[in-house]
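What follows is the content of protein_38.txt (compact mmCIF, C-alpha atoms).
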```
# COMPACT_ATOMS: atom_id res chain seq x y z
CA MET A 140 101.53 72.26 99.06
CA ASN A 141 104.55 74.00 100.46
CA THR A 142 103.37 76.32 103.19
CA GLU A 143 106.74 76.89 104.74
CA GLY A 144 107.75 79.34 102.05
CA ARG A 145 111.40 78.64 102.52
CA ASP A 146 111.84 78.27 98.80
CA LYS A 147 111.21 81.99 98.29
CA LEU A 148 114.63 82.87 99.61
CA ILE A 149 116.90 83.15 96.59
CA LEU A 150 119.85 84.84 98.21
CA GLU A 151 121.04 85.10 101.77
CA PRO A 152 124.16 86.66 103.19
CA THR A 153 127.29 84.54 103.45
CA LEU A 154 128.55 86.33 106.53
CA LEU A 155 125.78 86.65 109.07
CA PRO A 156 126.35 89.38 111.67
CA PRO A 157 124.16 89.56 114.78
CA LEU A 158 120.74 90.70 113.68
CA PRO A 159 117.44 91.50 115.36
CA SER A 160 115.68 88.25 116.12
CA SER A 161 112.11 89.50 116.20
CA VAL A 162 109.99 89.60 113.08
CA ARG A 163 108.20 92.63 114.41
CA GLU A 164 111.38 94.65 114.47
CA LEU A 165 112.05 93.78 110.87
CA GLY A 166 108.75 94.59 109.34
CA GLY A 167 106.86 97.54 110.69
CA LEU A 168 103.56 96.06 109.52
CA PRO A 169 100.84 98.66 109.83
CA ARG A 170 97.41 98.10 111.24
CA ARG A 171 94.10 99.64 110.52
CA ILE A 172 92.46 101.79 113.17
CA ASN A 173 90.60 99.77 115.71
CA THR A 174 86.98 100.88 115.55
CA ASP A 175 85.57 98.38 118.03
CA PRO A 176 83.55 100.54 120.47
CA GLU A 177 84.73 98.46 123.41
CA ARG A 178 88.28 99.35 122.59
CA VAL A 179 87.60 102.92 121.52
CA GLU A 180 90.03 104.30 124.03
CA ARG A 181 92.82 102.17 122.66
CA GLY A 182 91.76 103.04 119.13
CA LEU A 183 91.92 106.74 119.96
CA ALA A 184 95.29 106.37 121.61
CA GLN A 185 96.45 104.55 118.52
CA LEU A 186 95.29 107.41 116.31
CA VAL A 187 96.74 110.15 118.52
CA LEU A 188 100.09 108.42 118.94
CA THR A 189 100.21 107.74 115.22
CA LEU A 190 99.80 111.44 114.53
CA ILE A 191 102.44 112.32 117.14
CA GLU A 192 104.74 109.81 115.49
CA LEU A 193 104.05 111.40 112.10
CA LEU A 194 104.97 114.81 113.48
CA ARG A 195 108.02 113.41 115.20
CA GLN A 196 109.25 111.89 111.95
CA LEU A 197 108.67 115.10 110.03
CA MET A 198 110.50 117.14 112.66
CA GLU A 199 113.34 114.69 112.87
CA ARG A 200 113.74 114.64 109.11
CA GLN A 201 113.85 118.41 109.10
CA ALA A 202 116.41 118.50 111.91
CA LEU A 203 118.64 115.93 110.19
CA ARG A 204 118.44 117.86 106.93
CA ARG A 205 119.58 121.01 108.68
CA ILE A 206 122.41 119.21 110.45
CA ASP A 207 123.50 117.79 107.11
CA ARG A 208 123.46 121.26 105.59
CA GLY A 209 125.35 122.66 108.55
CA SER A 210 122.71 125.24 109.39
CA LEU A 211 122.46 124.34 113.08
CA ASP A 212 125.14 125.20 115.61
CA ASP A 213 126.45 122.71 118.18
CA ASP A 214 124.28 124.10 120.92
CA GLU A 215 121.11 123.81 118.85
CA ILE A 216 121.98 120.26 117.82
CA GLU A 217 122.53 119.26 121.43
CA ARG A 218 119.28 120.81 122.63
CA LEU A 219 117.25 119.39 119.76
CA GLY A 220 118.75 115.96 120.36
CA ARG A 221 117.82 116.01 124.01
CA ALA A 222 114.29 117.10 123.14
CA PHE A 223 113.93 114.20 120.71
CA MET A 224 115.31 111.80 123.28
CA LYS A 225 112.73 112.98 125.80
CA LEU A 226 109.99 112.60 123.23
CA GLU A 227 111.13 109.09 122.48
CA GLU A 228 111.05 108.17 126.18
CA ARG A 229 107.57 109.60 126.54
CA MET A 230 106.36 107.70 123.47
CA ILE A 231 107.75 104.45 124.88
CA GLU A 232 105.82 105.07 128.12
CA LEU A 233 102.61 105.89 126.27
CA LYS A 234 102.92 102.87 123.99
CA ARG A 235 103.42 100.64 126.99
CA GLU A 236 100.44 102.21 128.77
CA PHE A 237 98.11 101.54 125.85
CA GLN A 238 99.75 98.26 124.87
CA LEU A 239 100.68 99.56 121.45
CA GLU A 240 103.71 98.58 119.46
CA ASP A 241 105.66 100.46 116.83
CA ALA A 242 103.80 98.61 114.12
CA ASP A 243 100.49 99.87 115.54
CA LEU A 244 101.52 103.45 115.02
CA ASN A 245 100.73 103.55 111.37
CA LEU A 246 97.62 104.00 109.29
CA ASN A 247 96.74 101.93 106.29
CA LEU A 248 95.10 104.27 103.81
CA GLY A 249 94.06 101.58 101.36
CA PRO A 250 95.05 102.53 97.83
CA LEU A 251 97.15 105.40 99.13
CA GLY A 252 99.47 103.08 100.97
CA ASN A 253 100.53 103.74 104.54
CA LEU A 254 100.64 107.07 106.27
CA LEU A 255 104.12 106.48 107.65
CA ASP A 256 106.16 104.90 104.92
CA MET B 129 81.02 84.37 100.34
CA LEU B 130 83.79 84.79 97.80
CA HIS B 131 87.41 85.11 98.83
CA LEU B 132 89.44 86.93 96.20
CA TYR B 133 92.91 86.02 95.06
CA ALA B 134 93.75 87.90 91.90
CA ILE B 135 92.78 89.58 88.69
CA THR B 136 93.88 87.71 85.58
CA GLU B 137 92.92 87.44 81.94
CA PRO B 138 89.51 85.91 81.46
CA HIS B 139 90.21 82.20 81.11
CA PRO B 140 89.39 79.12 83.16
CA THR B 141 92.05 78.25 85.66
CA ALA B 142 93.61 74.93 86.49
CA ALA B 143 94.69 76.16 89.91
CA ALA B 144 94.25 73.52 92.58
CA ALA B 145 92.39 73.81 95.84
CA GLY B 146 91.84 77.14 97.53
CA ILE B 147 92.06 77.85 101.23
CA GLY B 148 90.40 75.14 103.24
CA GLY B 149 90.26 72.84 100.25
CA THR B 150 87.55 74.76 98.39
CA GLY B 151 87.49 74.97 94.62
CA ILE B 152 89.02 77.85 92.68
CA VAL B 153 87.03 79.51 89.98
CA SER B 154 87.76 82.25 87.50
CA ILE B 155 84.78 84.54 86.95
CA PRO B 156 84.88 86.40 83.64
CA CYS B 157 84.31 90.12 83.97
CA GLY B 158 84.80 92.05 80.75
CA ARG B 159 88.48 91.99 79.85
CA LEU B 160 89.36 90.47 83.20
CA GLY B 161 89.09 87.22 85.08
CA LEU B 162 88.36 87.35 88.80
CA VAL B 163 89.84 84.41 90.63
CA VAL B 164 87.94 83.41 93.74
CA SER B 165 87.13 80.58 96.10
CA GLU B 166 83.79 80.21 97.77
CA HIS B 167 83.37 79.85 101.52
CA ARG B 168 80.64 79.64 104.08
CA THR B 169 80.81 82.34 106.71
CA PRO B 170 82.93 82.99 108.64
CA ALA B 171 85.51 83.68 106.01
CA PRO B 172 88.94 82.07 106.15
CA ASP B 173 90.90 83.04 109.21
CA LEU B 174 94.11 85.01 108.96
CA THR B 175 96.96 82.68 109.90
CA GLU B 176 100.41 81.99 108.59
CA GLU B 177 99.05 78.89 106.90
CA THR B 178 96.17 80.59 105.08
CA LEU B 179 98.47 83.36 103.94
CA TRP B 180 100.96 80.94 102.41
CA HIS B 181 98.10 79.00 100.87
CA HIS B 182 96.73 82.19 99.31
CA GLU B 183 100.21 82.93 97.99
CA ALA B 184 100.55 79.41 96.57
CA VAL B 185 97.35 79.87 94.58
CA LEU B 186 98.77 83.09 93.14
CA GLU B 187 101.88 81.28 92.03
CA GLN B 188 99.85 78.65 90.23
CA LEU B 189 97.99 81.44 88.49
CA MET B 190 101.27 83.07 87.49
CA ALA B 191 102.15 79.94 85.58
CA GLU B 192 99.04 80.50 83.46
CA GLY B 193 99.52 84.16 82.56
CA PRO B 194 99.77 87.68 83.97
CA VAL B 195 98.39 88.21 87.47
CA LEU B 196 97.45 91.24 89.53
CA PRO B 197 97.43 90.04 93.14
CA ILE B 198 94.62 91.31 95.34
CA ARG B 199 95.28 92.21 98.95
CA PHE B 200 94.41 89.38 101.31
CA GLY B 201 91.04 89.63 102.95
CA VAL B 202 88.86 90.94 100.15
CA ARG B 203 85.48 89.26 100.36
CA PHE B 204 82.36 89.72 98.31
CA ALA B 205 78.97 88.11 98.66
CA ASP B 206 78.12 88.37 95.03
CA ALA B 207 80.13 87.95 91.82
CA ALA B 208 77.94 90.38 89.90
CA ALA B 209 78.41 93.09 92.53
CA LEU B 210 82.16 92.52 92.41
CA CYS B 211 82.27 92.88 88.65
CA ASP B 212 80.16 96.06 88.79
CA GLU B 213 82.57 97.41 91.39
CA LEU B 214 85.47 96.91 89.00
CA ARG B 215 83.86 98.13 85.81
CA PRO B 216 84.96 101.79 86.15
CA ARG B 217 88.55 100.59 86.53
CA MET B 218 88.41 98.01 83.78
CA ALA B 219 90.67 99.84 81.35
CA SER B 220 93.41 100.71 83.82
CA LEU B 221 93.37 97.23 85.35
CA ALA B 222 93.65 95.66 81.91
CA GLU B 223 96.61 97.96 81.19
CA ALA B 224 98.27 97.08 84.46
CA LEU B 225 97.76 93.39 83.73
CA GLU B 226 99.38 93.74 80.33
CA PHE B 227 102.29 95.63 81.84
CA VAL B 228 103.20 92.80 84.20
CA ARG B 229 102.97 90.07 81.58
CA GLY B 230 106.08 87.92 81.66
CA LYS B 231 107.47 89.70 84.70
CA VAL B 232 107.91 88.81 88.35
CA GLU B 233 108.63 90.79 91.47
CA LEU B 234 111.85 90.30 93.38
CA GLY B 235 112.39 91.64 96.89
CA VAL B 236 115.65 92.86 98.36
CA ARG B 237 115.83 93.51 102.08
CA VAL B 238 118.96 94.83 103.75
CA LEU B 239 119.05 94.22 107.47
CA GLU B 240 121.16 96.26 109.78
CA ASP B 241 123.83 94.73 111.92
CA ASN B 242 122.62 95.51 115.42
CA GLU B 243 125.90 94.96 117.17
CA LYS B 244 128.14 97.76 116.11
CA PRO B 245 126.85 100.73 114.21
CA PRO B 246 129.76 102.58 112.66
CA ALA B 247 130.88 105.59 114.69
CA PRO B 248 129.00 108.72 113.70
CA ARG B 249 131.05 111.40 112.06
CA ARG B 250 131.95 114.40 114.16
CA SER B 251 132.25 111.98 117.06
CA THR B 252 134.24 114.53 118.95
CA ARG B 253 130.88 115.95 120.03
CA SER B 254 130.30 114.55 123.48
CA GLY B 255 126.75 115.70 124.17
CA GLU B 256 124.23 112.88 124.27
CA GLY B 257 121.63 114.92 122.38
CA ALA B 258 124.04 115.50 119.53
CA ARG B 259 125.07 111.85 119.56
CA TYR B 260 121.43 110.79 119.37
CA LEU B 261 120.73 112.89 116.30
CA LEU B 262 124.01 112.17 114.57
CA GLU B 263 123.50 108.43 114.93
CA ARG B 264 120.10 108.77 113.31
CA LEU B 265 121.51 110.92 110.56
CA ASP B 266 124.19 108.36 109.87
CA ARG B 267 121.67 105.56 109.81
CA ARG B 268 119.52 107.44 107.32
CA ASN B 269 122.51 108.22 105.14
CA ARG B 270 123.62 104.59 105.24
CA ALA B 271 120.17 103.43 104.21
CA ALA B 272 120.07 105.92 101.33
CA ALA B 273 123.56 104.89 100.24
CA VAL B 274 122.64 101.20 100.21
CA ALA B 275 119.44 101.88 98.29
CA GLU B 276 121.41 103.90 95.75
CA ARG B 277 124.06 101.20 95.36
CA LEU B 278 121.34 98.62 94.88
CA ARG B 279 119.63 100.79 92.30
CA ARG B 280 122.85 101.34 90.37
CA ASN B 281 123.70 97.66 90.65
CA VAL B 282 120.49 96.18 89.27
CA GLY B 283 118.55 99.14 87.93
CA ASP B 284 119.08 98.28 84.30
CA LEU B 285 117.69 94.77 84.83
CA ALA B 286 114.38 95.96 86.26
CA VAL B 287 111.46 97.73 84.62
CA GLY B 288 110.15 98.98 87.95
CA GLU B 289 111.44 99.72 91.41
CA GLN B 290 109.86 100.63 94.75
CA ALA B 291 112.33 101.36 97.53
CA ARG B 292 111.60 102.07 101.19
CA LEU B 293 114.17 103.41 103.60
CA LEU B 294 114.10 102.40 107.26
CA PRO B 295 110.72 100.63 107.11
CA GLY B 296 111.27 99.07 110.51
CA LYS B 297 113.81 99.08 113.30
CA GLY B 298 115.93 96.27 112.00
CA THR B 299 115.83 97.06 108.29
CA LEU B 300 117.83 99.63 106.35
CA VAL B 301 116.16 99.17 102.98
CA ALA B 302 113.30 97.12 101.60
CA SER B 303 113.02 97.28 97.82
CA ALA B 304 110.81 95.62 95.26
CA PHE B 305 111.85 95.22 91.63
CA LEU B 306 109.77 94.22 88.62
CA VAL B 307 111.93 91.98 86.46
CA GLU B 308 111.34 90.10 83.25
CA ARG B 309 111.54 86.38 83.89
CA PRO B 310 114.62 85.67 81.75
CA ARG B 311 116.55 88.30 83.73
CA VAL B 312 115.94 86.86 87.18
CA ALA B 313 119.10 84.75 87.22
CA GLY B 314 121.21 87.71 86.14
CA PHE B 315 119.53 89.87 88.77
CA ARG B 316 120.42 87.37 91.44
CA ARG B 317 124.06 87.27 90.31
CA ARG B 318 124.33 91.05 90.46
CA VAL B 319 122.74 91.24 93.89
CA GLU B 320 125.07 88.51 95.14
CA VAL B 321 128.08 90.61 94.16
CA LEU B 322 126.62 93.59 96.01
CA GLU B 323 125.87 91.47 99.07
CA ARG B 324 129.48 90.42 99.44
CA SER B 325 130.64 94.01 99.43
CA LEU B 326 128.29 95.28 102.14
CA ASP B 327 129.63 96.23 105.56
CA HIS B 328 127.61 95.90 108.75
CA ALA B 329 124.57 94.82 106.83
CA ALA B 330 123.00 91.59 105.60
CA LEU B 331 121.20 91.41 102.28
CA PHE B 332 118.41 88.98 101.55
CA CYS B 333 116.76 88.49 98.18
CA THR B 334 113.35 86.85 97.96
CA GLY B 335 111.01 85.89 95.15
CA PRO B 336 109.72 85.46 92.62
CA TRP B 337 106.60 87.12 93.92
CA PRO B 338 103.44 88.19 92.13
CA PRO B 339 103.77 91.90 91.24
CA TYR B 340 102.27 93.23 94.48
CA HIS B 341 104.11 96.54 94.30
CA PHE B 342 103.32 97.14 90.65
CA VAL B 343 99.57 96.86 90.33
CA ASP B 344 99.17 100.51 89.42
CA ARG B 345 100.03 101.11 85.84
CA PRO B 346 102.96 103.53 85.79
CA ILE B 347 101.96 106.80 84.19
CA MET C 138 129.65 86.54 116.64
CA THR C 139 129.88 86.29 112.91
CA LEU C 140 128.88 83.15 111.09
CA ASP C 141 131.32 82.34 108.33
CA LEU C 142 130.00 80.02 105.68
CA SER C 143 133.13 80.05 103.55
CA PRO C 144 134.07 76.52 102.43
CA SER C 145 136.79 76.16 105.03
CA GLY C 146 134.37 76.88 107.89
CA HIS C 147 132.44 74.04 109.39
CA LEU C 148 129.13 75.29 110.69
CA PRO C 149 127.76 73.71 113.87
CA GLU C 150 124.15 72.57 113.71
CA ARG C 151 122.92 75.17 116.23
CA GLU C 152 124.09 78.06 114.12
CA ALA C 153 122.89 76.48 110.92
CA GLU C 154 119.42 76.24 112.44
CA ALA C 155 119.54 79.87 113.61
CA ARG C 156 120.48 80.89 110.11
CA ARG C 157 117.64 78.89 108.58
CA GLU C 158 115.22 80.43 111.07
CA LEU C 159 116.32 83.95 110.18
CA GLY C 160 115.79 83.15 106.52
CA ARG C 161 112.27 81.95 107.32
CA GLN C 162 111.52 85.09 109.29
CA VAL C 163 112.75 87.39 106.54
CA THR C 164 110.70 85.47 104.00
CA LEU C 165 107.62 85.72 106.20
CA VAL C 166 108.05 89.47 106.68
CA GLU C 167 108.41 89.86 102.92
CA LEU C 168 105.19 87.89 102.44
CA LEU C 169 103.22 89.81 105.08
CA ASP C 170 104.46 93.11 103.78
CA ARG C 171 103.03 92.24 100.36
CA ILE C 172 99.93 90.21 101.00
CA LEU C 173 98.49 92.41 103.75
CA ASP C 174 99.69 95.75 102.59
CA LYS C 175 100.09 95.82 98.80
CA GLY C 176 98.26 94.55 95.76
CA VAL C 177 94.97 95.65 94.29
CA VAL C 178 92.57 97.24 96.77
CA ILE C 179 88.89 96.77 96.19
CA SER C 180 86.41 98.79 98.22
CA GLY C 181 84.55 95.73 99.43
CA GLU C 182 87.62 95.08 101.50
CA ILE C 183 87.32 98.37 103.37
CA THR C 184 83.71 97.70 104.33
CA LEU C 185 84.58 94.22 105.44
CA ALA C 186 87.68 95.38 107.23
CA VAL C 187 85.69 97.70 109.45
CA ALA C 188 83.07 95.06 110.07
CA ASP C 189 85.66 92.35 110.53
CA ILE C 190 88.21 94.50 112.30
CA ASP C 191 88.37 92.08 115.16
CA LEU C 192 88.99 89.17 112.90
CA VAL C 193 91.86 90.85 111.12
CA GLN C 194 93.37 92.32 114.29
CA VAL C 195 93.05 89.20 116.35
CA GLY C 196 94.17 86.97 113.53
CA LEU C 197 97.20 89.11 112.83
CA ARG C 198 98.10 89.16 116.48
CA ALA C 199 97.93 85.40 116.50
CA VAL C 200 100.35 85.31 113.59
CA ILE C 201 102.75 87.78 115.17
CA ALA C 202 102.48 86.16 118.59
CA SER C 203 103.26 82.73 117.25
CA ILE C 204 106.23 84.06 115.31
CA ASP C 205 107.50 85.86 118.37
CA ARG C 206 107.25 82.68 120.37
CA LEU C 207 109.27 81.05 117.68
CA ALA C 208 111.83 83.81 117.71
CA THR C 209 112.33 83.79 121.46
CA GLU C 210 112.69 80.04 121.46
CA GLN C 211 115.44 80.36 118.93
CA VAL C 212 119.11 80.05 119.55
CA THR C 213 120.31 83.47 118.52
CA SER C 214 123.67 83.81 116.91
CA GLY C 215 126.31 85.78 118.74
```

Take the structure in this file and express it as structure tokens.
Amino acid sequence: MNTEGRDKLILEPTLLPPLPSSVRELGGLPRRINTDPERVERGLAQLVLTLIELLRQLMERQALRRIDRGSLDDDEIERLGRAFMKLEERMIELKREFQLEDADLNLNLGPLGNLLD
Amino acid sequence: MLHLYAITEPHPTAAAAGIGGTGIVSIPCGRLGLVVSEHRTPAPDLTEETLWHHEAVLEQLMAEGPVLPIRFGVRFADAAALCDELRPRMASLAEALEFVRGKVELGVRVLEDNEKPPAPRRSTRSGEGARYLLERLDRRNRAAAVAERLRRNVGDLAVGEQARLLPGKGTLVASAFLVERPRVAGFRRRVEVLERSLDHAALFCTGPWPPYHFVDRPI
Amino acid sequence: MTLDLSPSGHLPEREAEARRELGRQVTLVELLDRILDKGVVISGEITLAVADIDLVQVGLRAVIASIDRLATEQVTSG
């Protein structure tokens, strides 16, 4: 039985530019919340950071929409951008502290799909 | 304990060995067949090998008729309990099964070139905050544009589409299409033309897959 | 560096292997995305998922870790 799965690839690019080499970067595979009591702290951090990430995405989407519409002036764009950059740095620190990866910051809601999709 | 693979029509299956070499059985349940393999506890581990094995079973089932794949990891102790669990959904599952008859799922994933993102518009803005946001805006617009081109390119060949923008850092678009079997070759030709015309992106097409993205009957 | 597979280009073995590996990784991501995240959900799974959370988490980490090892051992193009 073929377990390599290579035969599922029916088209690949002819010109191959430099691409991310890590599967994790490609996928964004979500996890369920960790409910193991011994790792409750990490499970809570996972939940909290997931919610922060949800808010961040919503805010970013809103900001980008307004930039696209032209309803933010240069100064506002610059300040918003710096705020998002700071948030991103803080999130990277927090993820590192709790040993969480991007893929961990998602919630699988069963039949409803993923929270952050 | 029973490890579940798929929901099919109620008929015996000729599918070969399940994970760990166990036998595969189709349990009739009303208008459905529940395809399972039986294991002692602990249940099959989650490894690359068991996942591909699970997938291989699904492909054998697809050769026998329509298949609704079940998420990996569903375990039940008791076939009767499983069937009772599904009874309220019997009609909609049977409809979904009928809808995917003769069709397969094809995946298209467009990866982003990580070396040189095109310069954001309004690049005269020098502030780093503005640059940060404008790069993200451009990336989002590029992803939406690729998804739209893909949709226009192959849309008429598919009876269903599920597109996701920016699902992960390296990916612009990940789309799933439900395609009738005779149209797969034509689909591939169309996507190949699109692939050649993409800038700063690499398009991969995979499949045929069981209809993972299309197990809910469209309203 | 861009890999050109047009007929006139002769592709060294190193780059051919990197290309094959990328194809394998994309295929694996496509599989994982479907088999772990899509398809019919049956409530027995949710009960078992909570009970077996360690199994799923640890098992998945083993999959990801082994793929990462593979990726970092790879000759990357460029």

Next item on the list: Work out how far apart atom CA of B:Pro336 and atom CA of B:Glu233 are and give it in Å to one decimal.
Entry: 5.6 Å

Check: Can you tell me how far atom CA of A:Glu217 sits from atom CA of A:Leu239, in Å to one decimal?
Finding: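 One can read the atom CA of A:Glu217 to atom CA of A:Leu239 distance as 29.4 Å.
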
Next item on the list: To one decimal in Å, tell me the separation between atom CA of B:Glu289 and atom CA of A:Arg200.
Entry: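 Separating atom CA of B:Glu289 from atom CA of A:Arg200 is a distance of 23.3 Å.
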
Note to self: If we count all atoms listed in the file and set the cut-off at 10 Å, which residues sit around A:Ile191, ignoring sequence neighbours fewer than 5 positions away in its own chain? Please answer as a VMD selection string.
What the structure shows: chain A and resid 185 to 186 196 to 197 226 230 244

Written file, previous selection with C-alpha atoms, as a PDB file, in the coordinates of the input:
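Generated output (out20.pdb):
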```pdb
ATOM      1  CA  GLN A 185      96.450 104.550 118.520  1.00  0.00           C
ATOM      2  CA  LEU A 186      95.290 107.410 116.310  1.00  0.00           C
ATOM      3  CA  GLN A 196     109.250 111.890 111.950  1.00  0.00           C
ATOM      4  CA  LEU A 197     108.670 115.100 110.030  1.00  0.00           C
ATOM      5  CA  LEU A 226     109.990 112.600 123.230  1.00  0.00           C
ATOM      6  CA  MET A 230     106.360 107.700 123.470  1.00  0.00           C
ATOM      7  CA  LEU A 244     101.520 103.450 115.020  1.00  0.00           C
TER       8      LEU A 244
END
```

Margin query: Under the rule that all atoms listed in the file are counted, which of B:Glu276, B:Glu177, B:Glu263, B:Asp206 is the nearest residue to chain A?
Written below: B:Glu177

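With distances restricted to all atoms listed in the file, A:Arg195 is the closest residue to A:Arg229 from A:Pro152, A:Arg195, A:Arg204, A:Lys147.
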
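Neighbouring residues of B:Ala143 at 7 Å or closer, counting all atoms listed in the file and skipping chain neighbours under 6 positions away, are Ile152, Val185, Gln188 and Leu189 of chain B.
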
Check: From the list B:Arg309, B:Arg215, B:His182, B:Arg270, which residue is nearest chain A when using all atoms listed in the file?
Finding: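 Looking only at the distances to chain A, the closest residue turns out to be B:His182.
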
Note to self: Select, as JSON, numbers by chain, those residues of chain B with any atom no more than 8 Å from chain C (distances computed using all atoms listed in the file).
What the structure shows: {"B": [173, 174, 175, 176, 179, 183, 196, 197, 198, 199, 200, 201, 202, 203, 204, 213, 214, 235, 332, 334, 339, 340, 341, 342, 343]}

Next item on the list: Would you kindly report the residues of chain B within 6 Å of chain A, using all atoms listed in the file, as an MDAnalysis selection string?
Entry: chainID B and resid 180 241:242 257:258 260:261 265 296:299 330:335

Margin query: Just want the 12 Å neighbourhood of B:Arg280, counted on all atoms listed in the file, with same-chain residues fewer than 5 positions away dropped. Output as an NGL selection string.
Written below: :B and (273-275 or 285-286 or 289 or 318-319 or 322)

Could N, CA and C atoms be built for stretch 195-206 of chain A and written out as a PDB file, keeping the file's coordinate frame?
```pdb
ATOM      1  N   ARG A 195     106.654 113.649 114.741  1.00  0.00           N
ATOM      2  CA  ARG A 195     108.020 113.410 115.200  1.00  0.00           C
ATOM      3  C   ARG A 195     108.930 113.101 114.010  1.00  0.00           C
ATOM      4  N   GLN A 196     108.441 112.249 113.113  1.00  0.00           N
ATOM      5  CA  GLN A 196     109.250 111.890 111.950  1.00  0.00           C
ATOM      6  C   GLN A 196     109.520 113.106 111.066  1.00  0.00           C
ATOM      7  N   LEU A 197     108.487 113.906 110.862  1.00  0.00           N
ATOM      8  CA  LEU A 197     108.670 115.100 110.030  1.00  0.00           C
ATOM      9  C   LEU A 197     109.696 116.035 110.659  1.00  0.00           C
ATOM     10  N   MET A 198     109.573 116.240 111.968  1.00  0.00           N
ATOM     11  CA  MET A 198     110.500 117.140 112.660  1.00  0.00           C
ATOM     12  C   MET A 198     111.911 116.582 112.639  1.00  0.00           C
ATOM     13  N   GLU A 199     112.014 115.285 112.859  1.00  0.00           N
ATOM     14  CA  GLU A 199     113.340 114.690 112.870  1.00  0.00           C
ATOM     15  C   GLU A 199     113.996 114.810 111.505  1.00  0.00           C
ATOM     16  N   ARG A 200     113.203 114.543 110.460  1.00  0.00           N
ATOM     17  CA  ARG A 200     113.740 114.640 109.110  1.00  0.00           C
ATOM     18  C   ARG A 200     114.248 116.056 108.836  1.00  0.00           C
ATOM     19  N   GLN A 201     113.472 117.024 109.286  1.00  0.00           N
ATOM     20  CA  GLN A 201     113.850 118.410 109.100  1.00  0.00           C
ATOM     21  C   GLN A 201     115.141 118.720 109.862  1.00  0.00           C
ATOM     22  N   ALA A 202     115.215 118.263 111.101  1.00  0.00           N
ATOM     23  CA  ALA A 202     116.410 118.500 111.910  1.00  0.00           C
ATOM     24  C   ALA A 202     117.638 117.871 111.255  1.00  0.00           C
ATOM     25  N   LEU A 203     117.498 116.621 110.799  1.00  0.00           N
ATOM     26  CA  LEU A 203     118.640 115.930 110.190  1.00  0.00           C
ATOM     27  C   LEU A 203     119.079 116.638 108.916  1.00  0.00           C
ATOM     28  N   ARG A 204     118.101 117.134 108.150  1.00  0.00           N
ATOM     29  CA  ARG A 204     118.440 117.860 106.930  1.00  0.00           C
ATOM     30  C   ARG A 204     119.273 119.090 107.268  1.00  0.00           C
ATOM     31  N   ARG A 205     118.867 119.790 108.325  1.00  0.00           N
ATOM     32  CA  ARG A 205     119.580 121.010 108.680  1.00  0.00           C
ATOM     33  C   ARG A 205     120.972 120.689 109.224  1.00  0.00           C
ATOM     34  N   ILE A 206     121.085 119.608 109.966  1.00  0.00           N
ATOM     35  CA  ILE A 206     122.410 119.210 110.450  1.00  0.00           C
ATOM     36  C   ILE A 206     123.309 118.891 109.248  1.00  0.00           C
TER      37      ILE A 206
END
```
